[in-house]
>>> print(open('protein11.cif').read())   # mmCIF, C-alpha atoms and all ligand atoms
data_model
#
loop_
_atom_site.label_atom_id
_atom_site.label_comp_id
_atom_site.auth_asym_id
_atom_site.auth_seq_id
_atom_site.Cartn_x
_atom_site.Cartn_y
_atom_site.Cartn_z
CA MET A 1 0.00 0.00 0.00
CA PRO A 2 1.52 3.36 -0.99
CA SER A 3 2.33 5.70 1.90
CA PHE A 4 0.27 8.85 2.51
CA LEU A 5 3.08 10.96 1.00
CA GLU A 6 3.28 8.71 -2.07
CA GLN A 7 -0.51 8.86 -2.61
CA LYS A 8 -0.72 12.62 -2.22
CA PHE A 9 2.56 13.83 -3.70
CA GLY A 10 3.92 10.89 -5.73
CA LEU A 11 4.07 11.33 -9.52
CA ARG A 12 5.03 7.82 -10.65
CA GLY A 13 3.36 6.98 -13.99
CA LYS A 14 2.80 10.67 -14.82
CA VAL A 15 4.40 12.44 -17.77
CA ALA A 16 5.44 16.07 -17.33
CA LEU A 17 6.61 18.66 -19.84
CA VAL A 18 8.52 21.66 -18.50
CA THR A 19 9.16 24.35 -21.11
CA GLY A 20 12.40 26.34 -20.86
CA SER A 21 14.06 23.73 -18.65
CA SER A 22 17.67 23.75 -19.85
CA GLN A 23 18.64 25.98 -16.90
CA GLY A 24 17.35 28.16 -14.07
CA LEU A 25 13.90 27.69 -12.56
CA GLY A 26 12.68 25.31 -15.28
CA LYS A 27 15.57 22.93 -14.74
CA ALA A 28 15.04 22.93 -10.96
CA MET A 29 11.32 22.22 -11.40
CA ALA A 30 11.98 19.44 -13.94
CA ARG A 31 14.37 17.82 -11.46
CA ALA A 32 11.84 18.09 -8.62
CA LEU A 33 9.10 16.45 -10.72
CA ALA A 34 11.51 13.63 -11.62
CA GLN A 35 12.46 13.21 -7.95
CA ALA A 36 8.74 12.79 -7.20
CA GLY A 37 8.66 10.00 -9.82
CA ALA A 38 7.42 11.68 -13.01
CA ASP A 39 8.83 10.95 -16.45
CA VAL A 40 9.96 14.32 -17.77
CA ILE A 41 10.29 16.08 -21.11
CA VAL A 42 12.66 19.03 -21.04
CA ASN A 43 12.56 21.85 -23.58
CA GLY A 44 14.48 24.85 -24.77
CA ARG A 45 15.70 26.13 -28.12
CA ASP A 46 19.22 24.71 -27.90
CA PRO A 47 19.49 20.88 -28.03
CA ALA A 48 23.09 21.03 -26.77
CA LYS A 49 21.95 22.61 -23.48
CA LEU A 50 19.20 19.99 -23.05
CA ALA A 51 21.32 16.83 -23.36
CA PRO A 52 23.04 17.12 -19.94
CA VAL A 53 19.70 17.82 -18.26
CA VAL A 54 18.23 14.64 -19.77
CA ALA A 55 21.26 12.70 -18.46
CA GLU A 56 20.83 14.22 -14.97
CA LEU A 57 17.12 13.34 -14.82
CA SER A 58 17.62 9.82 -16.22
CA ALA A 59 20.12 9.19 -13.42
CA LEU A 60 17.23 9.66 -10.97
CA GLY A 61 15.62 6.48 -12.33
CA VAL A 62 12.83 8.02 -14.42
CA LYS A 63 12.41 8.30 -18.18
CA ALA A 64 13.57 11.63 -19.58
CA THR A 65 13.77 13.11 -23.04
CA ALA A 66 14.29 16.48 -24.72
CA ILE A 67 12.22 18.22 -27.37
CA ALA A 68 13.80 21.39 -28.70
CA ALA A 69 11.23 24.00 -29.77
CA ASP A 70 10.84 27.77 -29.86
CA LEU A 71 7.94 28.91 -27.68
CA GLY A 72 7.88 32.14 -29.67
CA GLN A 73 6.61 30.29 -32.77
CA ARG A 74 3.03 29.01 -32.59
CA ALA A 75 3.60 26.12 -35.04
CA ASP A 76 6.62 25.00 -33.02
CA VAL A 77 4.59 25.08 -29.80
CA GLN A 78 1.92 22.87 -31.39
CA ARG A 79 4.63 20.46 -32.58
CA LEU A 80 6.14 20.40 -29.08
CA ILE A 81 2.84 19.44 -27.46
CA ASP A 82 2.03 16.84 -30.15
CA GLN A 83 5.45 15.23 -29.71
CA ALA A 84 5.20 15.41 -25.92
CA ILE A 85 1.88 13.53 -25.99
CA ALA A 86 3.22 11.00 -28.50
CA TRP A 87 6.32 10.19 -26.35
CA GLN A 88 4.49 7.98 -23.81
CA GLY A 89 0.97 8.28 -25.25
CA HIS A 90 -0.18 10.83 -22.67
CA LEU A 91 0.72 14.14 -21.05
CA ASP A 92 -0.37 14.68 -17.45
CA ILE A 93 1.52 17.78 -16.33
CA LEU A 94 2.36 20.90 -18.34
CA VAL A 95 4.61 23.53 -16.78
CA ASN A 96 4.70 26.69 -18.89
CA ASN A 97 7.98 28.11 -17.66
CA ALA A 98 9.88 29.39 -20.72
CA GLY A 99 10.03 33.16 -20.53
CA ILE A 100 12.15 36.10 -21.57
CA ILE A 101 12.56 39.67 -20.36
CA ARG A 102 13.64 42.84 -22.20
CA ARG A 103 14.71 45.78 -20.03
CA THR A 104 14.25 49.20 -21.68
CA PRO A 105 12.34 52.26 -20.49
CA ALA A 106 8.77 52.28 -21.85
CA ALA A 107 9.37 55.33 -24.06
CA ASP A 108 12.18 53.50 -25.84
CA HIS A 109 10.66 50.02 -25.80
CA THR A 110 10.76 48.84 -29.43
CA ASP A 111 8.09 46.86 -31.27
CA ALA A 112 10.64 44.08 -31.65
CA ASP A 113 11.20 43.84 -27.86
CA TRP A 114 7.48 44.05 -27.13
CA ASP A 115 6.57 41.39 -29.71
CA ALA A 116 9.36 39.00 -28.68
CA VAL A 117 8.26 39.07 -25.03
CA ILE A 118 4.53 38.75 -25.77
CA ASP A 119 5.17 35.94 -28.29
CA VAL A 120 7.07 33.76 -25.81
CA ASN A 121 5.56 34.74 -22.45
CA LEU A 122 1.90 34.98 -23.49
CA ASN A 123 1.14 33.63 -26.99
CA GLY A 124 3.36 30.59 -26.43
CA VAL A 125 1.71 29.89 -23.08
CA PHE A 126 -1.81 30.10 -24.52
CA THR A 127 -0.94 27.92 -27.53
CA ALA A 128 0.60 25.27 -25.25
CA CYS A 129 -2.35 25.39 -22.82
CA ARG A 130 -4.87 25.07 -25.65
CA ALA A 131 -3.08 22.12 -27.30
CA ALA A 132 -2.44 20.27 -24.02
CA GLY A 133 -5.89 21.22 -22.73
CA GLN A 134 -7.62 19.48 -25.66
CA HIS A 135 -5.73 16.27 -24.80
CA MET A 136 -6.38 16.62 -21.05
CA ILE A 137 -10.10 17.34 -21.55
CA ALA A 138 -10.41 14.15 -23.60
CA ARG A 139 -8.70 12.19 -20.78
CA GLY A 140 -10.60 13.94 -17.99
CA SER A 141 -7.46 14.87 -16.03
CA GLY A 142 -4.41 17.07 -16.10
CA LYS A 143 -2.35 19.65 -14.26
CA ILE A 144 -1.28 22.91 -15.87
CA ILE A 145 1.08 25.20 -13.98
CA ASN A 146 1.97 28.53 -15.54
CA ILE A 147 4.99 30.45 -14.31
CA ALA A 148 3.84 33.97 -13.57
CA SER A 149 5.86 36.63 -11.69
CA LEU A 150 5.59 39.29 -9.01
CA LEU A 151 4.92 41.47 -12.08
CA THR A 152 1.62 39.61 -12.39
CA PHE A 153 0.65 41.87 -9.44
CA PHE A 154 3.00 44.86 -9.74
CA GLY A 155 4.07 46.97 -12.72
CA GLY A 156 7.85 46.73 -12.38
CA ILE A 157 10.32 49.28 -13.74
CA THR A 158 11.53 49.45 -17.38
CA VAL A 159 9.98 46.08 -18.28
CA PRO A 160 6.54 47.08 -19.68
CA GLY A 161 6.19 44.14 -22.09
CA TYR A 162 7.23 41.65 -19.41
CA ALA A 163 4.81 43.10 -16.84
CA ALA A 164 1.97 43.08 -19.40
CA SER A 165 2.72 39.47 -20.38
CA LYS A 166 2.92 38.19 -16.81
CA GLY A 167 -0.21 40.07 -15.77
CA ALA A 168 -1.97 38.34 -18.65
CA VAL A 169 -0.60 34.94 -17.60
CA GLY A 170 -2.35 35.39 -14.24
CA GLN A 171 -5.67 36.19 -15.93
CA LEU A 172 -5.25 33.37 -18.46
CA THR A 173 -4.69 30.94 -15.59
CA LYS A 174 -8.01 31.97 -14.03
CA ALA A 175 -9.87 31.96 -17.36
CA LEU A 176 -8.74 28.41 -18.18
CA SER A 177 -9.47 27.22 -14.66
CA ASN A 178 -13.02 28.54 -14.94
CA GLU A 179 -13.59 26.40 -18.05
CA TRP A 180 -11.54 23.32 -17.21
CA ALA A 181 -11.68 22.71 -13.43
CA SER A 182 -14.96 20.76 -13.85
CA LYS A 183 -13.24 18.59 -16.47
CA GLY A 184 -10.59 17.31 -14.05
CA ILE A 185 -7.91 19.82 -15.02
CA ASN A 186 -6.29 22.04 -12.43
CA VAL A 187 -4.87 25.26 -13.85
CA ASN A 188 -2.70 27.21 -11.42
CA ALA A 189 0.30 29.51 -11.53
CA ILE A 190 3.42 30.08 -9.47
CA ALA A 191 4.63 33.64 -9.09
CA PRO A 192 8.32 33.37 -8.14
CA GLY A 193 9.86 36.24 -6.24
CA TYR A 194 13.33 37.56 -7.01
CA MET A 195 15.32 34.41 -7.83
CA ARG A 196 19.01 34.03 -8.66
CA THR A 197 19.05 33.05 -12.37
CA ASP A 198 20.26 34.49 -15.68
CA ASN A 199 16.87 36.19 -16.06
CA THR A 200 17.72 38.50 -13.12
CA ALA A 201 21.46 38.85 -13.81
CA ALA A 202 21.09 42.57 -14.64
CA LEU A 203 19.27 43.25 -11.36
CA GLN A 204 21.76 41.23 -9.32
CA ALA A 205 24.59 43.22 -10.93
CA ASP A 206 22.96 46.60 -10.20
CA ALA A 207 24.16 47.38 -6.66
CA VAL A 208 21.44 49.98 -6.00
CA ARG A 209 18.46 47.94 -7.29
CA SER A 210 19.81 44.75 -5.75
CA LYS A 211 20.03 46.36 -2.28
CA GLU A 212 16.60 47.95 -2.70
CA ILE A 213 15.07 44.58 -3.60
CA LEU A 214 16.77 42.68 -0.79
CA SER A 215 15.64 45.20 1.81
CA ARG A 216 11.98 44.47 0.87
CA ILE A 217 12.18 40.67 1.08
CA PRO A 218 10.99 39.52 4.54
CA ALA A 219 13.01 36.29 4.20
CA ALA A 220 16.07 38.56 3.85
CA ARG A 221 17.55 36.68 0.90
CA TRP A 222 17.00 36.26 -2.85
CA GLY A 223 15.28 33.01 -3.86
CA GLU A 224 17.18 30.05 -5.30
CA PRO A 225 15.75 27.79 -8.07
CA ALA A 226 15.41 24.98 -5.49
CA ASP A 227 12.94 27.16 -3.56
CA LEU A 228 10.29 26.21 -6.17
CA GLU A 229 10.63 22.45 -5.69
CA GLY A 230 7.90 22.07 -3.08
CA ALA A 231 5.38 24.30 -4.84
CA ILE A 232 5.76 22.60 -8.22
CA VAL A 233 5.39 19.07 -6.84
CA PHE A 234 2.37 20.17 -4.80
CA LEU A 235 0.62 21.76 -7.79
CA ALA A 236 1.46 18.79 -10.05
CA SER A 237 0.22 16.15 -7.60
CA ALA A 238 -3.04 14.81 -6.17
CA ALA A 239 -2.38 16.90 -3.04
CA SER A 240 -3.69 19.96 -4.93
CA ASP A 241 -6.72 18.34 -6.61
CA TYR A 242 -9.17 20.92 -5.19
CA LEU A 243 -6.94 23.92 -5.90
CA SER A 244 -7.49 25.74 -9.19
CA GLY A 245 -7.27 29.24 -10.64
CA HIS A 246 -4.72 30.23 -7.98
CA VAL A 247 -1.57 32.28 -8.45
CA MET A 248 0.77 31.14 -5.69
CA ALA A 249 3.55 33.55 -4.80
CA VAL A 250 6.80 31.85 -3.74
CA ASP A 251 8.55 35.05 -2.88
CA GLY A 252 10.09 34.97 0.59
CA GLY A 253 7.10 37.02 1.82
CA TRP A 254 7.39 39.95 -0.67
CA CYS A 255 3.66 40.20 -1.43
CA GLY A 256 2.76 40.42 2.24
CA ARG A 257 4.90 43.46 2.79
P1 LIG B 1 16.46 31.75 -17.52
O1 LIG B 1 17.50 31.33 -16.56
O2 LIG B 1 16.74 32.86 -18.46
O3 LIG B 1 15.97 30.45 -18.33
C1 LIG B 1 15.02 30.56 -19.35
C2 LIG B 1 14.81 29.19 -19.98
O4 LIG B 1 13.82 29.33 -21.02
C3 LIG B 1 16.04 28.62 -20.63
O5 LIG B 1 16.02 27.20 -20.47
C4 LIG B 1 15.88 28.98 -22.11
O6 LIG B 1 16.56 28.05 -22.94
C5 LIG B 1 14.36 28.88 -22.26
N1 LIG B 1 13.82 29.72 -23.31
C6 LIG B 1 13.99 31.05 -23.51
N2 LIG B 1 13.33 31.45 -24.60
C7 LIG B 1 12.74 30.34 -25.11
C8 LIG B 1 11.93 30.10 -26.24
N3 LIG B 1 11.62 31.07 -27.11
N4 LIG B 1 11.50 28.85 -26.47
C9 LIG B 1 11.82 27.83 -25.63
N5 LIG B 1 12.58 28.00 -24.53
C10 LIG B 1 13.04 29.24 -24.29
O7 LIG B 1 15.13 32.21 -16.76
P2 LIG B 1 14.52 31.83 -15.32
O8 LIG B 1 14.89 32.88 -14.37
O9 LIG B 1 14.78 30.41 -14.99
O10 LIG B 1 12.97 32.06 -15.63
C11 LIG B 1 12.07 31.03 -15.91
C12 LIG B 1 10.66 31.59 -15.87
O11 LIG B 1 10.40 32.14 -14.58
C13 LIG B 1 10.38 32.72 -16.86
O12 LIG B 1 9.06 32.62 -17.34
C14 LIG B 1 10.54 33.96 -16.00
O13 LIG B 1 9.84 35.05 -16.51
C15 LIG B 1 9.95 33.46 -14.71
N6 LIG B 1 10.35 34.23 -13.53
C16 LIG B 1 11.66 34.32 -13.15
C17 LIG B 1 11.99 35.04 -12.01
C18 LIG B 1 13.41 35.18 -11.52
O14 LIG B 1 13.61 35.91 -10.55
N7 LIG B 1 14.37 34.51 -12.10
C19 LIG B 1 11.00 35.67 -11.27
C20 LIG B 1 9.68 35.56 -11.69
C21 LIG B 1 9.37 34.83 -12.82
P3 LIG B 1 17.13 28.46 -24.41
O15 LIG B 1 17.75 29.80 -24.27
O16 LIG B 1 18.08 27.37 -24.75
O17 LIG B 1 15.94 28.45 -25.31
#
>>> encode(input="protein11.cif", output="structure tokens", more="lines below")
Ligand code: NAP
Amino acid sequence: MPSFLEQKFGLRGKVALVTGSSQGLGKAMARALAQAGADVIVNGRDPAKLAPVVAELSALGVKATAIAADLGQRADVQRLIDQAIAWQGHLDILVNNAGIIRRTPAADHTDADWDAVIDVNLNGVFTACRAAGQHMIARGSGKIINIASLLTFFGGITVPGYAASKGAVGQLTKALSNEWASKGINVNAIAPGYMRTDNTAALQADAVRSKEILSRIPAARWGEPADLEGAIVFLASAASDYLSGHVMAVDGGWCGR
């Protein structure tokens, strides 16, 4: 008989796709899902960066594979989901993590920067949700976890496209939950706080902004990718079966301040 923890949080027999998982938060979440027993598909644009991640996950005793695809191209997103489903015949968990940021003051923000961010962070997420959602509706079960941001709630500074895209990811999460929760699909989001990855390298390097940010974090430290491990396994597992349409901040207490 499986233990209580295995029943509630175990992911054996489940297949998970984590977009943008060659590094940073996506890689940490892919590893956590594998540690909980899921077979995992990793994704990014560069196959060379994905190969070592597949090797690392396989060493945990689960099946792992890589599908390179550009989340900024709708046709590529559809191909990614089709191939992900075809790999083991089903897709149980979709983590929409791939995301980019362009830092320029709003008055100088170019169309190219705006479009690139919206294409990956919003259009790619919707296309992936729609394609995976069709499959999950037909099966009557699924877990979708979108990676939002503190800029789902706040406007940020000099990142207007990013803030707009992540605000929309929060609303999309609720809209899909409203339609799909009754069909056995949980749609939730994680809003990470300020985490140490390449995505925040410019902020970490800016002594003034970095100090300003740290002074507002009640936990008194920046987040590490591993800080998302518990939240992702919870939202991907049976433990969260009655939780849907929620944007969960994992932010060292930032939102409460
Ligand atoms: P990161 O270190 O820059 O990693 C981004 C990942 O996404 C990489 O694996 C990258 O691989 C992939 N990627 C980028 N563009 C892609 C595309 N067009 N198609 C497919 N994959 C793509 O970023 P991170 O900090 O881990 O951020 C991950 C997510 O968390 C993002 O959505 C970000 O907005 C969000 N987030 C981060 C923080 C933070 O503090 N770090 C806070 C809140 C939210 P390739 O370059 O090989 O494609």
>>> residues_near_ligand(input="protein11.cif", ligand="ligand LIG 1 (chain B)", cutoff="8 Å", atoms="all atoms listed in the file", output="number ranges by chain")
A: 19-27, 43-47, 49-50, 68-73, 96-101, 120-121, 147-151, 162, 166, 191-200, 223, 225
>>> atom_distance(input="protein11.cif", atom1="CA of Val250 in chain A", atom2="CA of Ala189 in chain A")
10.4 Å
>>> atom_distance(input="protein11.cif", atom1="CA of Ser244 in chain A", atom2="CA of Gln7 in chain A")
19.4 Å
>>> closest_residue(input="protein11.cif", among="A:Glu56, A:Pro160, A:Ile145, A:Trp87", to="Phe234 in chain A", atoms="all atoms listed in the file")
A:Ile145
>>> residues_around(input="protein11.cif", residues="Leu214 in chain A", least_positions_apart="3", cutoff="12 Å", atoms="only C-alpha atoms", output="list in words")
Gly193, Tyr194, Met195, Arg196, Leu203, Gln204, Asp206, Ala207, Val208, Arg209, Ser210, Lys211, Ile217, Pro218, Ala219, Ala220, Arg221, Trp222, Gly223, Asp251, Gly252, Gly253 and Trp254 of chain A
>>> closest_residue(input="protein11.cif", among="A:Ile213, A:Asp111, A:His246, A:Phe126", to="Asn178 in chain A", atoms="all atoms listed in the file")
A:His246
>>> axis_aligned_box(input="protein11.cif", around="range 38-52 of chain A", padding_each_side="6 Å", output="lines of an AutoDock Vina configuration file")
center_x = 15.3
center_y = 18.5
center_z = -20.6
size_x = 27.7
size_y = 27.2
size_z = 27.1
>>> atom_distance(input="protein11.cif", atom1="CA of Gly155 in chain A", atom2="CA of Ala226 in chain A")
25.8 Å
>>> residues_near_point(input="protein11.cif", point="(9.8, 44.3, -18.3)", cutoff="9 Å", atoms="all atoms listed in the file", output="mmCIF file with C-alpha atoms, keeping the file's coordinate frame")
data_model
loop_
_atom_site.group_PDB
_atom_site.id
_atom_site.type_symbol
_atom_site.label_atom_id
_atom_site.label_comp_id
_atom_site.auth_asym_id
_atom_site.auth_seq_id
_atom_site.Cartn_x
_atom_site.Cartn_y
_atom_site.Cartn_z
ATOM 1 C CA ILE A 101 12.560 39.670 -20.360
ATOM 2 C CA ARG A 102 13.640 42.840 -22.200
ATOM 3 C CA ARG A 103 14.710 45.780 -20.030
ATOM 4 C CA THR A 104 14.250 49.200 -21.680
ATOM 5 C CA PRO A 105 12.340 52.260 -20.490
ATOM 6 C CA ALA A 106 8.770 52.280 -21.850
ATOM 7 C CA VAL A 117 8.260 39.070 -25.030
ATOM 8 C CA LEU A 151 4.920 41.470 -12.080
ATOM 9 C CA GLY A 155 4.070 46.970 -12.720
ATOM 10 C CA GLY A 156 7.850 46.730 -12.380
ATOM 11 C CA ILE A 157 10.320 49.280 -13.740
ATOM 12 C CA THR A 158 11.530 49.450 -17.380
ATOM 13 C CA VAL A 159 9.980 46.080 -18.280
ATOM 14 C CA PRO A 160 6.540 47.080 -19.680
ATOM 15 C CA GLY A 161 6.190 44.140 -22.090
ATOM 16 C CA TYR A 162 7.230 41.650 -19.410
ATOM 17 C CA ALA A 163 4.810 43.100 -16.840
ATOM 18 C CA ALA A 164 1.970 43.080 -19.400
ATOM 19 C CA SER A 165 2.720 39.470 -20.380
#
>>> residues_around(input="protein11.cif", residues="Ile137 in chain A", least_positions_apart="3", cutoff="12 Å", atoms="all atoms listed in the file", output="number ranges by chain")
A: 90-92, 129-134, 140-144, 176, 179-186
>>> residues_around(input="protein11.cif", residues="Gly13 in chain A", least_positions_apart="4", cutoff="10 Å", atoms="only C-alpha atoms", output="count of residues only")
6
>>> residues_around(input="protein11.cif", residues="Ala32 in chain A", least_positions_apart="4", cutoff="8 Å", atoms="all atoms listed in the file", output="list of chain:residue names")
A:Ala28, A:Ala36, A:Glu229, A:Gly230, A:Ile232, A:Val233
>>> closest_residue(input="protein11.cif", among="A:Cys255, A:Leu235, A:Val187, A:Ile81", to="His135 in chain A", atoms="all atoms listed in the file")
A:Ile81
>>> closest_residue(input="protein11.cif", among="A:Gln78, A:Gln35, A:Thr152, A:Thr110", to="Leu60 in chain A", atoms="only C-alpha atoms")
A:Gln35
>>> closest_residue(input="protein11.cif", among="A:Ala66, A:Leu172, A:Ile85, A:Ala30", to="Ala48 in chain A", atoms="all atoms listed in the file")
A:Ala66
>>> closest_residue(input="protein11.cif", among="A:Val40, A:Ala107, A:Gly256, A:Val18", to="Asn146 in chain A", atoms="all atoms listed in the file")
A:Val18
>>> build_atoms(input="protein11.cif", residues="range 124-134 of chain A", atoms="all heavy atoms", output="PDB file, keeping the file's coordinate frame")
ATOM      1  N   GLY A 124       2.853  31.962 -26.559  1.00  0.00           N
ATOM      2  CA  GLY A 124       3.360  30.590 -26.430  1.00  0.00           C
ATOM      3  C   GLY A 124       2.643  29.836 -25.321  1.00  0.00           C
ATOM      4  O   GLY A 124       2.314  28.653 -25.463  1.00  0.00           O
ATOM      5  N   VAL A 125       2.389  30.525 -24.222  1.00  0.00           N
ATOM      6  CA  VAL A 125       1.710  29.890 -23.080  1.00  0.00           C
ATOM      7  C   VAL A 125       0.280  29.506 -23.472  1.00  0.00           C
ATOM      8  O   VAL A 125      -0.176  28.388 -23.210  1.00  0.00           O
ATOM      9  CB  VAL A 125       1.722  30.823 -21.848  1.00  0.00           C
ATOM     10  CG1 VAL A 125       0.853  30.253 -20.726  1.00  0.00           C
ATOM     11  CG2 VAL A 125       3.155  31.024 -21.362  1.00  0.00           C
ATOM     12  N   PHE A 126      -0.429  30.427 -24.134  1.00  0.00           N
ATOM     13  CA  PHE A 126      -1.810  30.100 -24.520  1.00  0.00           C
ATOM     14  C   PHE A 126      -1.843  28.949 -25.519  1.00  0.00           C
ATOM     15  O   PHE A 126      -2.649  28.021 -25.391  1.00  0.00           O
ATOM     16  CB  PHE A 126      -2.548  31.311 -25.098  1.00  0.00           C
ATOM     17  CG  PHE A 126      -3.918  30.918 -25.605  1.00  0.00           C
ATOM     18  CD1 PHE A 126      -4.886  30.462 -24.721  1.00  0.00           C
ATOM     19  CD2 PHE A 126      -4.223  30.956 -26.956  1.00  0.00           C
ATOM     20  CE1 PHE A 126      -6.146  30.049 -25.168  1.00  0.00           C
ATOM     21  CE2 PHE A 126      -5.472  30.542 -27.415  1.00  0.00           C
ATOM     22  CZ  PHE A 126      -6.433  30.095 -26.520  1.00  0.00           C
ATOM     23  N   THR A 127      -0.951  28.981 -26.512  1.00  0.00           N
ATOM     24  CA  THR A 127      -0.940  27.920 -27.530  1.00  0.00           C
ATOM     25  C   THR A 127      -0.667  26.564 -26.878  1.00  0.00           C
ATOM     26  O   THR A 127      -1.319  25.561 -27.201  1.00  0.00           O
ATOM     27  CB  THR A 127       0.114  28.222 -28.618  1.00  0.00           C
ATOM     28  OG1 THR A 127      -0.119  29.547 -29.117  1.00  0.00           O
ATOM     29  CG2 THR A 127       0.031  27.255 -29.773  1.00  0.00           C
ATOM     30  N   ALA A 128       0.276  26.539 -25.941  1.00  0.00           N
ATOM     31  CA  ALA A 128       0.600  25.270 -25.250  1.00  0.00           C
ATOM     32  C   ALA A 128      -0.574  24.814 -24.393  1.00  0.00           C
ATOM     33  O   ALA A 128      -0.922  23.626 -24.390  1.00  0.00           O
ATOM     34  CB  ALA A 128       1.857  25.460 -24.398  1.00  0.00           C
ATOM     35  N   CYS A 129      -1.195  25.752 -23.672  1.00  0.00           N
ATOM     36  CA  CYS A 129      -2.350  25.390 -22.820  1.00  0.00           C
ATOM     37  C   CYS A 129      -3.480  24.840 -23.680  1.00  0.00           C
ATOM     38  O   CYS A 129      -4.112  23.842 -23.329  1.00  0.00           O
ATOM     39  CB  CYS A 129      -2.864  26.606 -22.061  1.00  0.00           C
ATOM     40  SG  CYS A 129      -1.825  27.095 -20.672  1.00  0.00           S
ATOM     41  N   ARG A 130      -3.753  25.505 -24.801  1.00  0.00           N
ATOM     42  CA  ARG A 130      -4.870  25.070 -25.650  1.00  0.00           C
ATOM     43  C   ARG A 130      -4.621  23.662 -26.192  1.00  0.00           C
ATOM     44  O   ARG A 130      -5.505  22.791 -26.131  1.00  0.00           O
ATOM     45  CB  ARG A 130      -5.067  26.047 -26.804  1.00  0.00           C
ATOM     46  CG  ARG A 130      -6.277  25.734 -27.694  1.00  0.00           C
ATOM     47  CD  ARG A 130      -6.440  26.782 -28.771  1.00  0.00           C
ATOM     48  NE  ARG A 130      -5.240  26.899 -29.586  1.00  0.00           N
ATOM     49  CZ  ARG A 130      -4.957  27.919 -30.390  1.00  0.00           C
ATOM     50  NH1 ARG A 130      -5.793  28.936 -30.503  1.00  0.00           N
ATOM     51  NH2 ARG A 130      -3.839  27.946 -31.091  1.00  0.00           N
ATOM     52  N   ALA A 131      -3.397  23.432 -26.711  1.00  0.00           N
ATOM     53  CA  ALA A 131      -3.080  22.120 -27.300  1.00  0.00           C
ATOM     54  C   ALA A 131      -3.089  21.026 -26.239  1.00  0.00           C
ATOM     55  O   ALA A 131      -3.677  19.959 -26.436  1.00  0.00           O
ATOM     56  CB  ALA A 131      -1.725  22.185 -28.000  1.00  0.00           C
ATOM     57  N   ALA A 132      -2.459  21.284 -25.092  1.00  0.00           N
ATOM     58  CA  ALA A 132      -2.440  20.270 -24.020  1.00  0.00           C
ATOM     59  C   ALA A 132      -3.826  20.128 -23.410  1.00  0.00           C
ATOM     60  O   ALA A 132      -4.243  19.025 -23.043  1.00  0.00           O
ATOM     61  CB  ALA A 132      -1.421  20.664 -22.952  1.00  0.00           C
ATOM     62  N   GLY A 133      -4.548  21.235 -23.317  1.00  0.00           N
ATOM     63  CA  GLY A 133      -5.890  21.220 -22.730  1.00  0.00           C
ATOM     64  C   GLY A 133      -6.830  20.314 -23.516  1.00  0.00           C
ATOM     65  O   GLY A 133      -7.618  19.565 -22.936  1.00  0.00           O
ATOM     66  N   GLN A 134      -6.746  20.341 -24.833  1.00  0.00           N
ATOM     67  CA  GLN A 134      -7.620  19.480 -25.660  1.00  0.00           C
ATOM     68  C   GLN A 134      -7.372  18.007 -25.305  1.00  0.00           C
ATOM     69  O   GLN A 134      -8.309  17.226 -25.155  1.00  0.00           O
ATOM     70  CB  GLN A 134      -7.327  19.725 -27.149  1.00  0.00           C
ATOM     71  CG  GLN A 134      -7.835  21.076 -27.633  1.00  0.00           C
ATOM     72  CD  GLN A 134      -7.235  21.501 -28.982  1.00  0.00           C
ATOM     73  OE1 GLN A 134      -6.385  20.817 -29.548  1.00  0.00           O
ATOM     74  NE2 GLN A 134      -7.672  22.649 -29.479  1.00  0.00           N
TER      75      GLN A 134
END
